[in-house]
>>> print(open('input-v3.tsv').read())   # TSV, N, CA and C atoms
chain	number	residue	atom	x	y	z
A	207	MET	N	141.45	-118.37	16.48
A	207	MET	CA	140.82	-117.15	16.02
A	207	MET	C	140.31	-116.32	17.19
A	208	ARG	N	139.93	-116.96	18.26
A	208	ARG	CA	139.43	-116.25	19.42
A	208	ARG	C	140.53	-115.39	20.06
A	209	ASP	N	141.73	-115.91	20.10
A	209	ASP	CA	142.84	-115.15	20.67
A	209	ASP	C	143.25	-114.00	19.77
A	210	PHE	N	143.08	-114.16	18.48
A	210	PHE	CA	143.46	-113.12	17.54
A	210	PHE	C	142.61	-111.87	17.72
A	211	SER	N	141.32	-112.02	17.99
A	211	SER	CA	140.45	-110.86	18.14
A	211	SER	C	140.79	-110.07	19.40
A	212	ILE	N	141.17	-110.74	20.47
A	212	ILE	CA	141.55	-110.00	21.68
A	212	ILE	C	142.88	-109.29	21.48
A	213	ILE	N	143.76	-109.88	20.69
A	213	ILE	CA	145.03	-109.21	20.39
A	213	ILE	C	144.79	-107.94	19.58
A	214	ILE	N	143.88	-108.01	18.62
A	214	ILE	CA	143.55	-106.82	17.83
A	214	ILE	C	142.90	-105.76	18.72
A	215	PHE	N	142.01	-106.19	19.61
A	215	PHE	CA	141.35	-105.25	20.52
A	215	PHE	C	142.37	-104.53	21.40
A	216	VAL	N	143.27	-105.26	22.00
A	216	VAL	CA	144.29	-104.65	22.87
A	216	VAL	C	145.21	-103.75	22.06
A	217	THR	N	145.55	-104.15	20.85
A	217	THR	CA	146.40	-103.32	20.00
A	217	THR	C	145.73	-102.00	19.65
A	218	VAL	N	144.45	-102.05	19.32
A	218	VAL	CA	143.72	-100.81	19.01
A	218	VAL	C	143.63	-99.91	20.24
A	219	VAL	N	143.41	-100.49	21.40
A	219	VAL	CA	143.36	-99.69	22.62
A	219	VAL	C	144.71	-98.99	22.86
A	220	TRP	N	145.79	-99.71	22.69
A	220	TRP	CA	147.11	-99.10	22.89
A	220	TRP	C	147.40	-98.04	21.84
A	221	LEU	N	146.96	-98.24	20.61
A	221	LEU	CA	147.15	-97.21	19.59
A	221	LEU	C	146.36	-95.96	19.93
A	222	MET	N	145.16	-96.15	20.49
A	222	MET	CA	144.39	-94.98	20.93
A	222	MET	C	145.09	-94.25	22.06
A	223	ILE	N	145.66	-94.99	23.00
A	223	ILE	CA	146.39	-94.38	24.12
A	223	ILE	C	147.58	-93.59	23.60
A	224	LEU	N	148.33	-94.18	22.69
A	224	LEU	CA	149.49	-93.49	22.14
A	224	LEU	C	149.10	-92.26	21.33
A	225	ALA	N	148.01	-92.33	20.59
A	225	ALA	CA	147.56	-91.18	19.81
A	225	ALA	C	147.14	-90.02	20.71
A	226	VAL	N	146.41	-90.33	21.78
A	226	VAL	CA	145.99	-89.28	22.71
A	226	VAL	C	147.20	-88.68	23.43
A	227	ALA	N	148.13	-89.53	23.84
A	227	ALA	CA	149.33	-89.02	24.52
A	227	ALA	C	150.15	-88.14	23.58
A	228	ALA	N	150.29	-88.55	22.33
A	228	ALA	CA	151.05	-87.75	21.37
A	228	ALA	C	150.37	-86.40	21.12
A	229	PHE	N	149.05	-86.39	21.04
A	229	PHE	CA	148.33	-85.14	20.86
A	229	PHE	C	148.54	-84.22	22.06
A	230	LEU	N	148.41	-84.79	23.26
A	230	LEU	CA	148.55	-83.96	24.45
A	230	LEU	C	149.97	-83.42	24.60
A	231	ILE	N	150.95	-84.20	24.23
A	231	ILE	CA	152.34	-83.75	24.35
A	231	ILE	C	152.70	-82.75	23.26
A	232	ALA	N	152.23	-82.99	22.04
A	232	ALA	CA	152.67	-82.17	20.91
A	232	ALA	C	151.87	-80.88	20.75
A	233	PHE	N	150.56	-80.92	20.93
A	233	PHE	CA	149.74	-79.79	20.55
A	233	PHE	C	149.25	-78.92	21.70
A	234	VAL	N	148.97	-79.50	22.83
A	234	VAL	CA	148.43	-78.69	23.93
A	234	VAL	C	149.44	-77.66	24.43
A	235	PRO	N	150.71	-78.00	24.65
A	235	PRO	CA	151.65	-76.95	25.07
A	235	PRO	C	151.90	-75.89	24.00
A	236	SER	N	151.69	-76.24	22.73
A	236	SER	CA	151.95	-75.26	21.68
A	236	SER	C	150.85	-74.20	21.59
A	237	PHE	N	149.75	-74.36	22.30
A	237	PHE	CA	148.75	-73.29	22.34
A	237	PHE	C	149.36	-72.01	22.88
A	238	GLN	N	150.27	-72.16	23.81
A	238	GLN	CA	150.91	-70.98	24.40
A	238	GLN	C	151.72	-70.24	23.35
A	239	VAL	N	152.37	-70.95	22.47
A	239	VAL	CA	153.16	-70.31	21.42
A	239	VAL	C	152.24	-69.61	20.43
A	240	PHE	N	151.14	-70.25	20.05
A	240	PHE	CA	150.23	-69.66	19.07
A	240	PHE	C	149.46	-68.47	19.63
A	241	LEU	N	148.97	-68.59	20.85
A	241	LEU	CA	148.10	-67.55	21.39
A	241	LEU	C	148.85	-66.47	22.17
A	242	ASP	N	150.00	-66.79	22.67
A	242	ASP	CA	150.71	-65.84	23.53
A	242	ASP	C	151.91	-65.23	22.81
A	243	GLY	N	151.85	-65.13	21.51
A	243	GLY	CA	152.96	-64.55	20.78
A	243	GLY	C	153.20	-63.10	21.12
A	244	SER	N	152.13	-62.36	21.41
A	244	SER	CA	152.28	-60.95	21.75
A	244	SER	C	152.37	-60.71	23.24
A	245	GLY	N	152.20	-61.74	24.05
A	245	GLY	CA	152.32	-61.61	25.50
A	245	GLY	C	151.12	-60.98	26.16
A	246	ARG	N	149.96	-60.98	25.52
A	246	ARG	CA	148.80	-60.32	26.10
A	246	ARG	C	147.89	-61.26	26.88
A	247	PHE	N	148.09	-62.57	26.75
A	247	PHE	CA	147.27	-63.52	27.50
A	247	PHE	C	147.86	-63.74	28.89
A	248	ASN	N	146.97	-63.87	29.84
A	248	ASN	CA	147.35	-64.13	31.21
A	248	ASN	C	147.79	-65.60	31.33
A	249	ARG	N	148.70	-65.86	32.22
A	249	ARG	CA	149.20	-67.22	32.42
A	249	ARG	C	148.10	-68.14	32.94
A	250	ILE	N	147.22	-67.64	33.80
A	250	ILE	CA	146.12	-68.45	34.32
A	250	ILE	C	145.12	-68.77	33.21
A	251	LEU	N	144.86	-67.82	32.35
A	251	LEU	CA	143.96	-68.05	31.22
A	251	LEU	C	144.54	-69.10	30.28
A	252	MET	N	145.82	-69.02	30.01
A	252	MET	CA	146.47	-69.99	29.13
A	252	MET	C	146.44	-71.39	29.74
A	253	SER	N	146.73	-71.50	31.02
A	253	SER	CA	146.68	-72.80	31.70
A	253	SER	C	145.27	-73.36	31.73
A	254	SER	N	144.30	-72.49	31.91
A	254	SER	CA	142.90	-72.94	31.91
A	254	SER	C	142.50	-73.47	30.54
A	255	LEU	N	142.92	-72.79	29.49
A	255	LEU	CA	142.62	-73.26	28.14
A	255	LEU	C	143.27	-74.61	27.87
A	256	GLN	N	144.51	-74.77	28.28
A	256	GLN	CA	145.20	-76.04	28.10
A	256	GLN	C	144.53	-77.16	28.89
A	257	ALA	N	144.09	-76.85	30.11
A	257	ALA	CA	143.42	-77.85	30.93
A	257	ALA	C	142.08	-78.26	30.33
A	258	VAL	N	141.33	-77.30	29.81
A	258	VAL	CA	140.03	-77.62	29.20
A	258	VAL	C	140.22	-78.50	27.97
A	259	VAL	N	141.21	-78.19	27.16
A	259	VAL	CA	141.48	-79.01	25.97
A	259	VAL	C	141.92	-80.41	26.39
A	260	ALA	N	142.80	-80.51	27.38
A	260	ALA	CA	143.28	-81.83	27.83
A	260	ALA	C	142.14	-82.67	28.40
A	261	VAL	N	141.28	-82.08	29.19
A	261	VAL	CA	140.15	-82.81	29.77
A	261	VAL	C	139.18	-83.23	28.66
A	262	GLY	N	138.95	-82.36	27.69
A	262	GLY	CA	138.09	-82.70	26.57
A	262	GLY	C	138.62	-83.87	25.77
A	263	VAL	N	139.92	-83.87	25.53
A	263	VAL	CA	140.53	-84.97	24.78
A	263	VAL	C	140.43	-86.27	25.57
A	264	ILE	N	140.64	-86.21	26.87
A	264	ILE	CA	140.53	-87.41	27.70
A	264	ILE	C	139.08	-87.93	27.71
A	265	LEU	N	138.10	-87.03	27.76
A	265	LEU	CA	136.71	-87.46	27.72
A	265	LEU	C	136.37	-88.10	26.38
A	266	LEU	N	136.87	-87.55	25.28
A	266	LEU	CA	136.68	-88.18	23.98
A	266	LEU	C	137.35	-89.55	23.92
A	267	PHE	N	138.51	-89.66	24.54
A	267	PHE	CA	139.22	-90.93	24.60
A	267	PHE	C	138.40	-91.97	25.36
A	268	ILE	N	137.84	-91.58	26.49
A	268	ILE	CA	137.01	-92.50	27.28
A	268	ILE	C	135.77	-92.90	26.50
A	269	TYR	N	135.16	-91.95	25.80
A	269	TYR	CA	134.00	-92.26	24.96
A	269	TYR	C	134.38	-93.25	23.86
A	270	GLY	N	135.52	-93.02	23.23
A	270	GLY	CA	135.99	-93.93	22.18
A	270	GLY	C	136.27	-95.33	22.70
A	271	LEU	N	136.86	-95.42	23.89
A	271	LEU	CA	137.10	-96.73	24.48
A	271	LEU	C	135.80	-97.46	24.79
A	272	GLY	N	134.81	-96.72	25.26
A	272	GLY	CA	133.51	-97.32	25.53
A	272	GLY	C	132.85	-97.84	24.27
A	273	ARG	N	132.93	-97.06	23.20
A	273	ARG	CA	132.37	-97.52	21.93
A	273	ARG	C	133.10	-98.75	21.40
A	274	LEU	N	134.42	-98.75	21.53
A	274	LEU	CA	135.21	-99.88	21.08
A	274	LEU	C	134.88	-101.13	21.89
A	275	LYS	N	134.72	-100.97	23.19
A	275	LYS	CA	134.37	-102.11	24.05
A	275	LYS	C	132.99	-102.66	23.68
A	276	ASN	N	132.03	-101.77	23.48
A	276	ASN	CA	130.68	-102.23	23.10
A	276	ASN	C	130.70	-102.96	21.77
A	277	TYR	N	131.47	-102.48	20.82
A	277	TYR	CA	131.59	-103.15	19.53
A	277	TYR	C	132.20	-104.54	19.70
A	278	TYR	N	133.25	-104.62	20.51
A	278	TYR	CA	133.91	-105.90	20.73
A	278	TYR	C	133.00	-106.90	21.43
A	279	VAL	N	132.30	-106.44	22.46
A	279	VAL	CA	131.43	-107.33	23.23
A	279	VAL	C	130.26	-107.81	22.39
A	280	THR	N	129.62	-106.92	21.64
A	280	THR	CA	128.49	-107.37	20.82
A	280	THR	C	128.95	-108.30	19.71
A	281	ARG	N	130.12	-108.07	19.19
A	281	ARG	CA	130.65	-108.96	18.15
A	281	ARG	C	130.96	-110.34	18.73
A	282	LYS	N	131.47	-110.38	19.96
A	282	LYS	CA	131.79	-111.67	20.59
A	282	LYS	C	130.53	-112.45	20.94
A	283	PHE	N	129.48	-111.76	21.39
A	283	PHE	CA	128.25	-112.44	21.79
A	283	PHE	C	127.46	-112.96	20.59
A	284	TYR	N	127.48	-112.26	19.49
A	284	TYR	CA	126.67	-112.65	18.34
A	284	TYR	C	127.42	-113.48	17.31
A	285	SER	N	128.68	-113.80	17.57
A	285	SER	CA	129.39	-114.63	16.61
A	285	SER	C	129.79	-115.96	17.20
>>> encode(input="input-v3.tsv", output="structure tokens")
Amino acid sequence: MRDFSIIIFVTVVWLMILAVAAFLIAFVPSFQVFLDGSGRFNRILMSSLQAVVAVGVILLFIYGLGRLKNYYVTRKFYS
């Protein structure tokens, strides 16, 4: 049973990695299509917006990993 919990933990971490990567690949580049349809946005402004969104998603990912680790560690210590 001890090995099973670490397998679930690693699986959840990898699912989080894949979800963040899929979001960054699928949605962040499409901001240019949604916002720059008329061609009025500057290229630097568009890149800055994409960078801010990507950094924000990565920070949320790091926060989620920290919460998941704390949950796993407290569960292991108290059980």
>>> closest_residue(input="input-v3.tsv", among="A:Leu255, A:Val216, A:Ala260, A:Ile250", to="Ala232 of chain A", atoms="only C-alpha atoms")
A:Ala260
>>> atom_distance(input="input-v3.tsv", atom1="atom CA of Val261 of chain A", atom2="atom CA of Ser236 of chain A")
16.2 Å
>>> residues_around(input="input-v3.tsv", residues="segment 275-279 of chain A", least_positions_apart="5", cutoff="12 Å", atoms="only C-alpha atoms", output="number ranges by chain")
A: 208, 211-216, 218-219, 268-270, 284-285
>>> atom_distance(input="input-v3.tsv", atom1="atom C of Val234 of chain A", atom2="atom C of Ser253 of chain A")
9.4 Å
>>> select_by_dssp(input="input-v3.tsv", residues="chain A", states="alpha helix (DSSP H)", output="PyMOL selection string")
chain A and resi 208-232+236-241+249-284
>>> atom_distance(input="input-v3.tsv", atom1="atom C of Met222 of chain A", atom2="atom C of Val258 of chain A")
17.5 Å
>>> axis_aligned_box(input="input-v3.tsv", around="segment 265-269 of chain A", padding_each_side="8 Å", output="lines of an AutoDock Vina configuration file")
center_x = 136.6
center_y = -90.1
center_z = 25.8
size_x = 21.2
size_y = 22.2
size_z = 19.9
>>> residues_around(input="input-v3.tsv", residues="segment 223-228 of chain A", least_positions_apart="3", cutoff="8 Å", atoms="only C-alpha atoms", output="tab-separated table (two decimals) with N, CA and C atoms, in the coordinates of the input")
chain	number	residue	atom	x	y	z
A	219	VAL	N	143.41	-100.49	21.40
A	219	VAL	CA	143.36	-99.69	22.62
A	219	VAL	C	144.71	-98.99	22.86
A	220	TRP	N	145.79	-99.71	22.69
A	220	TRP	CA	147.11	-99.10	22.89
A	220	TRP	C	147.40	-98.04	21.84
A	231	ILE	N	150.95	-84.20	24.23
A	231	ILE	CA	152.34	-83.75	24.35
A	231	ILE	C	152.70	-82.75	23.26
A	232	ALA	N	152.23	-82.99	22.04
A	232	ALA	CA	152.67	-82.17	20.91
A	232	ALA	C	151.87	-80.88	20.75
A	263	VAL	N	139.92	-83.87	25.53
A	263	VAL	CA	140.53	-84.97	24.78
A	263	VAL	C	140.43	-86.27	25.57
A	264	ILE	N	140.64	-86.21	26.87
A	264	ILE	CA	140.53	-87.41	27.70
A	264	ILE	C	139.08	-87.93	27.71
A	267	PHE	N	138.51	-89.66	24.54
A	267	PHE	CA	139.22	-90.93	24.60
A	267	PHE	C	138.40	-91.97	25.36
